[in-house]
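Below is one structure, written out as structure tokens; comments come after it.
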Amino acid sequence: MNNSQDKSFIYDEVSYPELCYSLTHPGRVAAIGTLLGLRPPAVEHCRVLEIGCAGGGNLVPMAHSLPGSSFLGIDLSERQIDSARQSAAALGLSNLQFRHMNLIDLDPELGEFDYIIAHGVYSWVPGPVRDRLLAACKRHLAADGIAYVSYNTLPGWNNILAVREMINVRTRHLSDPREKVREGREFIASILAMVPHPEQSPFALFLKDYIATRFRRFSDRSDWEESMLLHDELSTVNDPVYFHQFATHAASHGLQYLAEADFPHVMPNDIEPENAAKLQQMSLSVVDFEQYMDFVRDQTFRATLLVHDNVPIKRQLDGEKLRGLYVSSRTRFVRDEDGKEFFRTAEDARWPAEEAITSAALLHLESIAPRAAHFNDLFKAACQMLNLSGTPEKAASVLADDLLAAFCVDTQLVELLAYDPACASIAPEHPEMSSVARHQARQSRIVSNLRHEQAELDTTTSVLAPLLDGQHDRKALLQALASRTQGAVTITEQGAAKVPEGTTVDEALARELEQGLATLAGAALLLA
Ligand SMILES: C[S@@+](CC[C@H](N)C(=O)[O-])C[C@H]1O[C@@H](n2cnc3c(N)ncnc32)[C@H](O)[C@@H]1O
């Protein structure tokens, strides 16, 4: 039972992009478990297994962020495992191991893991291997552990399967995988351009949306763009499933559905309340309800959390559970022309500034962003802002309930974490980027930030990145920028731009530096 298909394994020929995936981080997974009444293992001292870890793009920054925990990544591609080992060695990570192996050979002697991750594997391996994947999750998951398994879903994938088929037909004579991808992309764009009456055609609308959303662009890694299409859409095996089928498959292995890693997804936020109530009435179980929401949303992908089937789950959410968690927010306070006050995210999700204690807490989180605060510290800071003495219990409950409600709407409004990502809100005198991000910046502009999110460097911050080791002060950083720009100032994608009129070179460079450092701090790329 193997999916390496005899000859060379396709991932050894074309590696998968080395990226981190925020939702897989135990700090986020454990927060969801806590909300649902579990007592997940402490993320600062846990064991993590990633199955299908590719070149370590996810596990390397994760292991760096949790130095007291231990990590094992396995993958069938030798070349990718070599690359992962090289990164771990270059960064001196002693809490991380990689093994080149087939998941079907996972040895019971490896023992149990508190968190298991299989991102982008389930739908992309043959049925029998998929079955062994869930069997491995069951066998290796600690009694109170949580497994993360992502997969493509129906009905959303029905349309995408048609695109896959079109590309496969068009490129069936080509053997070079990269050529296949390039030709396939162009072909889909041409088909779109030829659809008759495109403005009235649901198919044209779908293709347009498909190209816009699924052909991911990386500013400096066209090889990653090709690799993603090749391994995601065009993978030899690509079996999307209905959510209820996945849940049944998991149940057959003694695992039960906990929630989605993207927690707001389990809420019918985007469905009219009366329609959500109708779906609820039609549903006999949580799995039914979620399946019906997938029908309504034409869902294409899920990242599902699983636990052992004997673990009691409390689905009635309770703000009290927030008291042991860290909270962060990516909102700004806004007062509109009509005097309405609210907190708004970059994507325009909104939370009304109605409860004084919650508004004070969100203002505090805005002032320390992208850092998180422990709930107790956040409550204290909000009380101080409002001059409330003591620790008024009622206000604490209001705050906890409000933060929980906002988290259920959008994690940019409020994010809950079971650990404290130690990032700076403001660039210190000797700014330091994590060694992982500096290492990654040598190969790509997409790096992992201290919150285990993908962040993109621009031209200025790419120039600064190698010098942000905590040893260079502003003066040294200015010198580096000056030598790079040679008398001109703003470093644009095209090169160096002229000093704006009325500004000295020194002033313009200093401004450029401060802007670059503020961007890095805002992107959670600087250590506290
Ligand atoms: C689509 S990629 C996803 C990689 C990574 N998890 C990510 O999301 O960036 C699938 C990965 O699973 C690995 N893989 C496929 N079949 C496997 C098997 N039987 N055992 C172990 N790894 C396997 C591939 O080598 C590849 O790295």
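Every chain in the structure tokens takes a letter, A first, then B, and so on in the order presented; its residues are numbered from 1, and the ligands are numbered from 1 following the presented order.
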
**Item:** Selection near A:Phe187, 9 Å with only C-alpha atoms, sequence-local residues under 3 positions removed, as a ChimeraX atom specification
**Value:** /A:166-167,170,182-184,190-192

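Neighbouring residues of A:Pro392 at 12 Å or closer, counting only C-alpha atoms and skipping chain neighbours under 3 positions away, are Ile357, Phe379, Lys380, Ala382, Cys383, Gln384, Leu386, Asn387, Leu388, Ser389, Ala395, Ala396, Ser397, Val398 and Leu399 of chain A.
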
Output N, CA, C and O atoms for every residue in the selection just made, as a PDB file, in the first residue's frame.
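See part.pdb below for the written result:
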```
ATOM      1  N   ILE A 357     -16.903  48.068  29.412  1.00  0.00           N
ATOM      2  CA  ILE A 357     -15.762  47.221  29.794  1.00  0.00           C
ATOM      3  C   ILE A 357     -15.142  46.574  28.536  1.00  0.00           C
ATOM      4  O   ILE A 357     -13.914  46.468  28.416  1.00  0.00           O
ATOM      5  N   PHE A 379      -8.482  42.262  31.709  1.00  0.00           N
ATOM      6  CA  PHE A 379      -9.584  42.765  32.540  1.00  0.00           C
ATOM      7  C   PHE A 379      -9.075  43.871  33.470  1.00  0.00           C
ATOM      8  O   PHE A 379      -9.709  44.920  33.608  1.00  0.00           O
ATOM      9  N   LYS A 380      -7.906  43.634  34.060  1.00  0.00           N
ATOM     10  CA  LYS A 380      -7.333  44.657  34.970  1.00  0.00           C
ATOM     11  C   LYS A 380      -7.093  45.961  34.207  1.00  0.00           C
ATOM     12  O   LYS A 380      -7.432  47.045  34.690  1.00  0.00           O
ATOM     13  N   ALA A 382      -8.542  47.032  31.535  1.00  0.00           N
ATOM     14  CA  ALA A 382      -9.819  47.670  31.173  1.00  0.00           C
ATOM     15  C   ALA A 382     -10.427  48.359  32.394  1.00  0.00           C
ATOM     16  O   ALA A 382     -10.955  49.472  32.300  1.00  0.00           O
ATOM     17  N   CYS A 383     -10.340  47.702  33.565  1.00  0.00           N
ATOM     18  CA  CYS A 383     -10.869  48.300  34.816  1.00  0.00           C
ATOM     19  C   CYS A 383     -10.131  49.600  35.126  1.00  0.00           C
ATOM     20  O   CYS A 383     -10.743  50.603  35.515  1.00  0.00           O
ATOM     21  N   GLN A 384      -8.813  49.572  34.948  1.00  0.00           N
ATOM     22  CA  GLN A 384      -8.014  50.783  35.217  1.00  0.00           C
ATOM     23  C   GLN A 384      -8.446  51.921  34.304  1.00  0.00           C
ATOM     24  O   GLN A 384      -8.617  53.054  34.730  1.00  0.00           O
ATOM     25  N   LEU A 386     -11.249  52.435  33.081  1.00  0.00           N
ATOM     26  CA  LEU A 386     -12.578  52.942  33.455  1.00  0.00           C
ATOM     27  C   LEU A 386     -12.618  53.405  34.908  1.00  0.00           C
ATOM     28  O   LEU A 386     -13.698  53.730  35.419  1.00  0.00           O
ATOM     29  N   ASN A 387     -11.448  53.352  35.562  1.00  0.00           N
ATOM     30  CA  ASN A 387     -11.377  53.705  36.993  1.00  0.00           C
ATOM     31  C   ASN A 387     -12.314  52.858  37.846  1.00  0.00           C
ATOM     32  O   ASN A 387     -12.932  53.340  38.783  1.00  0.00           O
ATOM     33  N   LEU A 388     -12.454  51.599  37.511  1.00  0.00           N
ATOM     34  CA  LEU A 388     -13.262  50.695  38.341  1.00  0.00           C
ATOM     35  C   LEU A 388     -12.361  50.129  39.415  1.00  0.00           C
ATOM     36  O   LEU A 388     -11.271  49.642  39.107  1.00  0.00           O
ATOM     37  N   SER A 389     -12.789  50.186  40.654  1.00  0.00           N
ATOM     38  CA  SER A 389     -11.915  49.663  41.707  1.00  0.00           C
ATOM     39  C   SER A 389     -12.246  48.199  41.979  1.00  0.00           C
ATOM     40  O   SER A 389     -13.343  47.725  41.682  1.00  0.00           O
ATOM     41  N   ALA A 395     -18.646  42.780  35.699  1.00  0.00           N
ATOM     42  CA  ALA A 395     -17.949  43.345  34.527  1.00  0.00           C
ATOM     43  C   ALA A 395     -17.066  42.279  33.881  1.00  0.00           C
ATOM     44  O   ALA A 395     -16.964  42.197  32.651  1.00  0.00           O
ATOM     45  N   ALA A 396     -16.445  41.435  34.710  1.00  0.00           N
ATOM     46  CA  ALA A 396     -15.580  40.376  34.162  1.00  0.00           C
ATOM     47  C   ALA A 396     -16.412  39.408  33.319  1.00  0.00           C
ATOM     48  O   ALA A 396     -15.984  38.971  32.242  1.00  0.00           O
ATOM     49  N   SER A 397     -17.611  39.090  33.808  1.00  0.00           N
ATOM     50  CA  SER A 397     -18.475  38.157  33.054  1.00  0.00           C
ATOM     51  C   SER A 397     -18.936  38.788  31.749  1.00  0.00           C
ATOM     52  O   SER A 397     -18.964  38.125  30.704  1.00  0.00           O
ATOM     53  N   VAL A 398     -19.289  40.085  31.825  1.00  0.00           N
ATOM     54  CA  VAL A 398     -19.726  40.783  30.597  1.00  0.00           C
ATOM     55  C   VAL A 398     -18.601  40.762  29.576  1.00  0.00           C
ATOM     56  O   VAL A 398     -18.792  40.440  28.395  1.00  0.00           O
ATOM     57  N   LEU A 399     -17.395  41.063  30.050  1.00  0.00           N
ATOM     58  CA  LEU A 399     -16.241  41.100  29.143  1.00  0.00           C
ATOM     59  C   LEU A 399     -16.001  39.724  28.522  1.00  0.00           C
ATOM     60  O   LEU A 399     -15.837  39.600  27.299  1.00  0.00           O
TER      61      LEU A 399
END
```

Select the residues contacting ligand 1 at a distance of at most 8 Å, based on only C-alpha atoms and all ligand atoms, then format the selection as a PDB file with N, CA, C and O atoms, in the first residue's frame.
```pdb
ATOM      1  N   ASN A   2       0.913   1.899  -1.117  1.00  0.00           N
ATOM      2  CA  ASN A   2       1.853   3.012  -1.252  1.00  0.00           C
ATOM      3  C   ASN A   2       1.259   4.005  -2.234  1.00  0.00           C
ATOM      4  O   ASN A   2       0.548   3.624  -3.135  1.00  0.00           O
ATOM      5  N   ASN A   3       1.550   5.276  -2.029  1.00  0.00           N
ATOM      6  CA  ASN A   3       1.081   6.210  -3.044  1.00  0.00           C
ATOM      7  C   ASN A   3       2.243   6.913  -3.728  1.00  0.00           C
ATOM      8  O   ASN A   3       2.106   7.967  -4.285  1.00  0.00           O
ATOM      9  N   SER A   4       3.415   6.274  -3.639  1.00  0.00           N
ATOM     10  CA  SER A   4       4.557   6.915  -4.291  1.00  0.00           C
ATOM     11  C   SER A   4       4.642   6.497  -5.762  1.00  0.00           C
ATOM     12  O   SER A   4       5.494   6.965  -6.492  1.00  0.00           O
ATOM     13  N   PHE A   9       8.778   9.810  -6.678  1.00  0.00           N
ATOM     14  CA  PHE A   9       7.621  10.385  -6.000  1.00  0.00           C
ATOM     15  C   PHE A   9       7.526  11.843  -6.443  1.00  0.00           C
ATOM     16  O   PHE A   9       8.517  12.573  -6.396  1.00  0.00           O
ATOM     17  N   ILE A  10       6.327  12.257  -6.843  1.00  0.00           N
ATOM     18  CA  ILE A  10       6.160  13.594  -7.431  1.00  0.00           C
ATOM     19  C   ILE A  10       6.652  14.710  -6.497  1.00  0.00           C
ATOM     20  O   ILE A  10       7.183  15.721  -6.943  1.00  0.00           O
ATOM     21  N   TYR A  11       6.514  14.515  -5.171  1.00  0.00           N
ATOM     22  CA  TYR A  11       6.972  15.549  -4.225  1.00  0.00           C
ATOM     23  C   TYR A  11       8.505  15.610  -4.156  1.00  0.00           C
ATOM     24  O   TYR A  11       9.052  16.591  -3.675  1.00  0.00           O
ATOM     25  N   ASP A  12       9.181  14.542  -4.633  1.00  0.00           N
ATOM     26  CA  ASP A  12      10.644  14.608  -4.696  1.00  0.00           C
ATOM     27  C   ASP A  12      11.078  15.397  -5.924  1.00  0.00           C
ATOM     28  O   ASP A  12      12.162  15.971  -5.967  1.00  0.00           O
ATOM     29  N   SER A  15       8.821  20.123  -4.977  1.00  0.00           N
ATOM     30  CA  SER A  15       8.490  20.240  -3.544  1.00  0.00           C
ATOM     31  C   SER A  15       7.255  21.109  -3.342  1.00  0.00           C
ATOM     32  O   SER A  15       6.956  21.983  -4.150  1.00  0.00           O
ATOM     33  N   TYR A  16       6.586  20.874  -2.197  1.00  0.00           N
ATOM     34  CA  TYR A  16       5.440  21.696  -1.827  1.00  0.00           C
ATOM     35  C   TYR A  16       5.957  22.985  -1.182  1.00  0.00           C
ATOM     36  O   TYR A  16       7.022  22.968  -0.550  1.00  0.00           O
ATOM     37  N   PRO A  17       5.248  24.124  -1.330  1.00  0.00           N
ATOM     38  CA  PRO A  17       5.718  25.361  -0.700  1.00  0.00           C
ATOM     39  C   PRO A  17       5.916  25.180   0.810  1.00  0.00           C
ATOM     40  O   PRO A  17       5.122  24.500   1.458  1.00  0.00           O
ATOM     41  N   GLU A  18       6.975  25.793   1.325  1.00  0.00           N
ATOM     42  CA  GLU A  18       7.237  25.689   2.770  1.00  0.00           C
ATOM     43  C   GLU A  18       6.568  26.862   3.464  1.00  0.00           C
ATOM     44  O   GLU A  18       7.109  27.967   3.510  1.00  0.00           O
ATOM     45  N   LEU A  19       5.382  26.621   3.973  1.00  0.00           N
ATOM     46  CA  LEU A  19       4.585  27.686   4.591  1.00  0.00           C
ATOM     47  C   LEU A  19       4.059  27.219   5.940  1.00  0.00           C
ATOM     48  O   LEU A  19       3.893  26.015   6.168  1.00  0.00           O
ATOM     49  N   CYS A  20       3.765  28.189   6.814  1.00  0.00           N
ATOM     50  CA  CYS A  20       3.132  27.804   8.080  1.00  0.00           C
ATOM     51  C   CYS A  20       1.621  28.010   7.955  1.00  0.00           C
ATOM     52  O   CYS A  20       1.166  28.814   7.136  1.00  0.00           O
ATOM     53  N   TYR A  21       0.877  27.276   8.746  1.00  0.00           N
ATOM     54  CA  TYR A  21      -0.582  27.371   8.722  1.00  0.00           C
ATOM     55  C   TYR A  21      -1.062  27.663  10.140  1.00  0.00           C
ATOM     56  O   TYR A  21      -0.994  26.791  11.021  1.00  0.00           O
ATOM     57  N   GLU A  50       3.391  15.841  13.153  1.00  0.00           N
ATOM     58  CA  GLU A  50       2.797  16.283  11.884  1.00  0.00           C
ATOM     59  C   GLU A  50       3.015  15.202  10.832  1.00  0.00           C
ATOM     60  O   GLU A  50       4.154  14.823  10.527  1.00  0.00           O
ATOM     61  N   ILE A  51       1.889  14.745  10.260  1.00  0.00           N
ATOM     62  CA  ILE A  51       1.937  13.701   9.229  1.00  0.00           C
ATOM     63  C   ILE A  51       1.848  14.389   7.870  1.00  0.00           C
ATOM     64  O   ILE A  51       0.931  15.179   7.636  1.00  0.00           O
ATOM     65  N   GLY A  52       2.824  14.127   6.997  1.00  0.00           N
ATOM     66  CA  GLY A  52       2.862  14.823   5.697  1.00  0.00           C
ATOM     67  C   GLY A  52       3.367  16.239   5.903  1.00  0.00           C
ATOM     68  O   GLY A  52       2.760  17.203   5.438  1.00  0.00           O
ATOM     69  N   CYS A  53       4.524  16.350   6.583  1.00  0.00           N
ATOM     70  CA  CYS A  53       5.025  17.673   7.002  1.00  0.00           C
ATOM     71  C   CYS A  53       5.778  18.376   5.877  1.00  0.00           C
ATOM     72  O   CYS A  53       6.232  19.509   6.065  1.00  0.00           O
ATOM     73  N   ALA A  54       5.949  17.737   4.727  1.00  0.00           N
ATOM     74  CA  ALA A  54       6.677  18.305   3.575  1.00  0.00           C
ATOM     75  C   ALA A  54       8.060  18.812   4.028  1.00  0.00           C
ATOM     76  O   ALA A  54       8.768  18.121   4.753  1.00  0.00           O
ATOM     77  N   GLY A  55       8.426  20.045   3.622  1.00  0.00           N
ATOM     78  CA  GLY A  55       9.768  20.556   3.937  1.00  0.00           C
ATOM     79  C   GLY A  55       9.858  21.249   5.290  1.00  0.00           C
ATOM     80  O   GLY A  55      10.796  22.023   5.527  1.00  0.00           O
ATOM     81  N   GLY A  56       8.888  21.007   6.180  1.00  0.00           N
ATOM     82  CA  GLY A  56       8.970  21.542   7.546  1.00  0.00           C
ATOM     83  C   GLY A  56       8.520  22.988   7.684  1.00  0.00           C
ATOM     84  O   GLY A  56       8.697  23.598   8.737  1.00  0.00           O
ATOM     85  N   GLY A  57       7.897  23.538   6.620  1.00  0.00           N
ATOM     86  CA  GLY A  57       7.472  24.946   6.659  1.00  0.00           C
ATOM     87  C   GLY A  57       6.527  25.250   7.802  1.00  0.00           C
ATOM     88  O   GLY A  57       6.476  26.379   8.288  1.00  0.00           O
ATOM     89  N   ASN A  58       5.761  24.252   8.246  1.00  0.00           N
ATOM     90  CA  ASN A  58       4.819  24.464   9.348  1.00  0.00           C
ATOM     91  C   ASN A  58       5.455  24.131  10.697  1.00  0.00           C
ATOM     92  O   ASN A  58       5.294  24.845  11.677  1.00  0.00           O
ATOM     93  N   ILE A  74       6.785  13.700   9.819  1.00  0.00           N
ATOM     94  CA  ILE A  74       7.101  12.583   8.911  1.00  0.00           C
ATOM     95  C   ILE A  74       6.573  12.893   7.514  1.00  0.00           C
ATOM     96  O   ILE A  74       5.543  13.565   7.357  1.00  0.00           O
ATOM     97  N   ASP A  75       7.275  12.415   6.520  1.00  0.00           N
ATOM     98  CA  ASP A  75       6.813  12.615   5.141  1.00  0.00           C
ATOM     99  C   ASP A  75       7.428  11.546   4.245  1.00  0.00           C
ATOM    100  O   ASP A  75       8.544  11.075   4.492  1.00  0.00           O
ATOM    101  N   LEU A  76       6.696  11.202   3.187  1.00  0.00           N
ATOM    102  CA  LEU A  76       7.136  10.183   2.253  1.00  0.00           C
ATOM    103  C   LEU A  76       8.178  10.712   1.269  1.00  0.00           C
ATOM    104  O   LEU A  76       8.833   9.936   0.575  1.00  0.00           O
ATOM    105  N   SER A  77       8.333  12.037   1.206  1.00  0.00           N
ATOM    106  CA  SER A  77       9.283  12.608   0.248  1.00  0.00           C
ATOM    107  C   SER A  77      10.643  12.833   0.915  1.00  0.00           C
ATOM    108  O   SER A  77      10.770  13.650   1.830  1.00  0.00           O
ATOM    109  N   GLN A  80      12.047  16.447   0.533  1.00  0.00           N
ATOM    110  CA  GLN A  80      11.437  17.439   1.432  1.00  0.00           C
ATOM    111  C   GLN A  80      11.928  17.245   2.864  1.00  0.00           C
ATOM    112  O   GLN A  80      12.193  18.217   3.572  1.00  0.00           O
ATOM    113  N   HIS A 100      11.904  10.387   7.300  1.00  0.00           N
ATOM    114  CA  HIS A 100      11.439  10.066   5.957  1.00  0.00           C
ATOM    115  C   HIS A 100      10.744   8.714   6.031  1.00  0.00           C
ATOM    116  O   HIS A 100      11.393   7.675   6.192  1.00  0.00           O
ATOM    117  N   MET A 101       9.409   8.711   5.972  1.00  0.00           N
ATOM    118  CA  MET A 101       8.686   7.441   6.062  1.00  0.00           C
ATOM    119  C   MET A 101       7.263   7.584   5.533  1.00  0.00           C
ATOM    120  O   MET A 101       6.737   8.690   5.397  1.00  0.00           O
ATOM    121  N   ASN A 102       6.682   6.424   5.250  1.00  0.00           N
ATOM    122  CA  ASN A 102       5.292   6.372   4.821  1.00  0.00           C
ATOM    123  C   ASN A 102       4.415   6.374   6.071  1.00  0.00           C
ATOM    124  O   ASN A 102       4.713   5.673   7.046  1.00  0.00           O
ATOM    125  N   LEU A 103       3.323   7.124   6.031  1.00  0.00           N
ATOM    126  CA  LEU A 103       2.463   7.189   7.213  1.00  0.00           C
ATOM    127  C   LEU A 103       1.908   5.822   7.575  1.00  0.00           C
ATOM    128  O   LEU A 103       1.579   5.571   8.743  1.00  0.00           O
ATOM    129  N   ILE A 104       1.820   4.917   6.609  1.00  0.00           N
ATOM    130  CA  ILE A 104       1.263   3.597   6.924  1.00  0.00           C
ATOM    131  C   ILE A 104       2.230   2.785   7.799  1.00  0.00           C
ATOM    132  O   ILE A 104       1.846   1.782   8.381  1.00  0.00           O
ATOM    133  N   ALA A 118      -2.476  16.833  10.316  1.00  0.00           N
ATOM    134  CA  ALA A 118      -2.360  16.279   8.950  1.00  0.00           C
ATOM    135  C   ALA A 118      -3.036  17.287   8.029  1.00  0.00           C
ATOM    136  O   ALA A 118      -4.252  17.221   7.795  1.00  0.00           O
ATOM    137  N   HIS A 119      -2.255  18.256   7.589  1.00  0.00           N
ATOM    138  CA  HIS A 119      -2.818  19.337   6.763  1.00  0.00           C
ATOM    139  C   HIS A 119      -2.559  19.026   5.290  1.00  0.00           C
ATOM    140  O   HIS A 119      -1.410  18.837   4.880  1.00  0.00           O
ATOM    141  N   GLY A 120      -3.635  18.938   4.516  1.00  0.00           N
ATOM    142  CA  GLY A 120      -3.478  18.720   3.082  1.00  0.00           C
ATOM    143  C   GLY A 120      -3.028  17.312   2.734  1.00  0.00           C
ATOM    144  O   GLY A 120      -2.286  17.133   1.772  1.00  0.00           O
ATOM    145  N   VAL A 121      -3.447  16.309   3.489  1.00  0.00           N
ATOM    146  CA  VAL A 121      -3.028  14.937   3.205  1.00  0.00           C
ATOM    147  C   VAL A 121      -4.250  14.046   2.879  1.00  0.00           C
ATOM    148  O   VAL A 121      -4.250  13.325   1.875  1.00  0.00           O
ATOM    149  N   TRP A 124      -5.686  13.713  -0.538  1.00  0.00           N
ATOM    150  CA  TRP A 124      -4.671  13.605  -1.587  1.00  0.00           C
ATOM    151  C   TRP A 124      -3.944  12.255  -1.578  1.00  0.00           C
ATOM    152  O   TRP A 124      -2.931  12.101  -2.241  1.00  0.00           O
ATOM    153  N   VAL A 125      -4.444  11.315  -0.780  1.00  0.00           N
ATOM    154  CA  VAL A 125      -3.824   9.980  -0.756  1.00  0.00           C
ATOM    155  C   VAL A 125      -4.909   8.941  -1.068  1.00  0.00           C
ATOM    156  O   VAL A 125      -6.100   9.204  -0.839  1.00  0.00           O
ATOM    157  N   VAL A 129      -4.758   4.445   2.235  1.00  0.00           N
ATOM    158  CA  VAL A 129      -3.793   5.262   2.996  1.00  0.00           C
ATOM    159  C   VAL A 129      -4.562   6.245   3.878  1.00  0.00           C
ATOM    160  O   VAL A 129      -4.210   6.495   5.042  1.00  0.00           O
ATOM    161  N   MET A 228       1.712  24.539  -5.950  1.00  0.00           N
ATOM    162  CA  MET A 228       0.420  24.432  -5.266  1.00  0.00           C
ATOM    163  C   MET A 228      -0.648  23.887  -6.195  1.00  0.00           C
ATOM    164  O   MET A 228      -1.418  23.007  -5.823  1.00  0.00           O
ATOM    165  N   HIS A 231       0.058  20.101  -6.888  1.00  0.00           N
ATOM    166  CA  HIS A 231      -0.209  19.146  -5.812  1.00  0.00           C
ATOM    167  C   HIS A 231      -1.625  19.244  -5.249  1.00  0.00           C
ATOM    168  O   HIS A 231      -2.130  18.267  -4.703  1.00  0.00           O
ATOM    169  N   ASP A 232      -2.237  20.412  -5.325  1.00  0.00           N
ATOM    170  CA  ASP A 232      -3.588  20.531  -4.772  1.00  0.00           C
ATOM    171  C   ASP A 232      -4.629  20.095  -5.800  1.00  0.00           C
ATOM    172  O   ASP A 232      -5.244  19.060  -5.676  1.00  0.00           O
TER     173      ASP A 232
END
```

**Request:** Extract, using only C-alpha atoms, all DNA, RNA and protein residues at most 10 Å from stretch 178-180 of chain A, discarding same-chain residues fewer than 2 positions from it, and format them as a VMD selection string.
**Result:** chain A and resid 14 167 to 168 170 to 176 182 to 185 223 226 to 227 229 to 230 234

**Request:** Going by DSSP on the backbone, which bits of stretch 45-161 of chain A are alpha helix (DSSP H)? Write them as a ChimeraX atom specification, please.
**Result:** /A:59-65,78-90,127-140,157-161

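Atom CA of A:Leu416 lies 11.7 Å from atom CA of A:Arg371.
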
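With only C-alpha atoms as the atoms that count, the minimum distance from A:Ile146 to the choices A:Glu501, A:Glu260, A:Glu233, A:Glu186 is reached by A:Glu260.
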
**Asked** In stretch 276-369 of chain A, what's strand (DSSP E) per DSSP? Answer as a ChimeraX atom specification?
**Response** /A:301-308,326-328,332-335,341-344,350-352

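You can rank A:Ala42, A:Ala259, A:Ala31, A:Leu306 by their closest distance to A:Val149 using only C-alpha atoms, and at the top of that list sits A:Leu306.
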
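Closest to A:Tyr115 among A:Ser69, A:Ser434, A:Gln454, A:Thr213 is A:Ser69, based on only C-alpha atoms.
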
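Each of A:Ala424, A:Gln443, A:Arg451, A:Pro312 was checked against A:Trp224 using only C-alpha atoms; the smallest atom-to-atom distance is that of A:Gln443.
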
**Asked** Do you know which residues are at most 6 Å from A:Ser329 counting only C-alpha atoms, after dropping those on the same chain fewer than 2 positions away, and could you put them as a PyMOL selection string?
**Response** chain A and resi 331+365+412-414

Can you tell me, as a tab-separated table (two decimals) with C-alpha atoms, in the first residue's frame, what residues are no more than 10 Å from A:Ala147 when counting only C-alpha atoms, ignoring any on the same chain fewer than 3 positions away?
```tsv
chain	number	residue	atom	x	y	z
A	24	THR	CA	-2.68	24.10	12.98
A	26	PRO	CA	-1.56	23.92	19.21
A	29	VAL	CA	-6.33	24.31	18.74
A	48	VAL	CA	3.26	17.21	18.45
A	49	LEU	CA	3.22	14.92	15.40
A	50	GLU	CA	2.80	16.28	11.88
A	113	PHE	CA	1.11	12.80	20.92
A	114	ASP	CA	-0.95	15.62	22.44
A	115	TYR	CA	-1.54	17.26	19.10
A	116	ILE	CA	-1.53	15.57	15.68
A	117	ILE	CA	-1.59	17.57	12.45
A	118	ALA	CA	-2.36	16.28	8.95
A	134	LEU	CA	-7.19	8.15	10.69
A	137	CYS	CA	-4.55	9.56	14.56
A	138	LYS	CA	-6.53	7.24	16.83
A	140	HIS	CA	-1.13	7.99	18.51
A	141	LEU	CA	-3.47	10.57	20.05
A	142	ALA	CA	-3.13	11.07	23.81
A	255	LEU	CA	-12.73	9.54	16.84
A	257	TYR	CA	-15.92	15.64	15.69
A	258	LEU	CA	-14.90	18.45	18.02
A	304	THR	CA	-11.52	19.56	11.29
A	305	LEU	CA	-10.51	18.88	14.89
A	306	LEU	CA	-11.05	15.36	16.21
A	307	VAL	CA	-10.89	13.86	19.69
A	308	HIS	CA	-11.38	10.35	21.11
```

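Note that atom CA of A:Gly470 and atom CA of A:Ser94 are 22.0 Å apart.
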
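Distance annotation: of A:His472, A:Arg132, A:Arg315, A:Arg438, the residue with the minimal separation from A:Ser252 is A:Arg132; atom set is only C-alpha atoms.
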
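Distance-wise, atom CA of A:Arg323 and atom CA of A:Val43 end up 16.5 Å apart.
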
**Shell of 8 Å around A:Asp473, only C-alpha atoms, local chain residues under 4 positions omitted, as an NGL selection string** = :A and (429-431 or 477)

Dump N, CA, C and O atoms for the selected residues as a CSV table (one decimal), in the first residue's frame?
```csv
chain,number,residue,atom,x,y,z
A,429,GLU,N,14.8,49.4,20.5
A,429,GLU,CA,16.0,50.1,19.9
A,429,GLU,C,16.9,49.2,19.1
A,429,GLU,O,17.4,49.5,18.1
A,430,HIS,N,17.0,47.9,19.6
A,430,HIS,CA,17.7,46.9,18.9
A,430,HIS,C,16.7,45.9,18.4
A,430,HIS,O,16.6,44.8,19.0
A,431,PRO,N,16.0,46.1,17.3
A,431,PRO,CA,14.9,45.2,16.9
A,431,PRO,C,15.5,43.8,16.5
A,431,PRO,O,16.5,43.7,15.9
A,477,LEU,N,21.2,50.3,11.4
A,477,LEU,CA,20.2,50.0,10.4
A,477,LEU,C,20.1,51.1,9.3
A,477,LEU,O,19.9,50.8,8.1
```

**Prompt:** Closest to A:Glu415 among A:Ile188, A:Leu520, A:Val327, A:Met194, using only C-alpha atoms?
**Reply:** A:Val327

**Prompt:** Quick one: residues within 12 Å of stretch 502-519 of chain A, only C-alpha atoms counted, chain neighbours fewer than 2 positions away excluded, as a VMD selection string?
**Reply:** chain A and resid 369 to 370 424 to 433 455 to 465 467 to 468 473 to 492 496 to 500 521 to 527
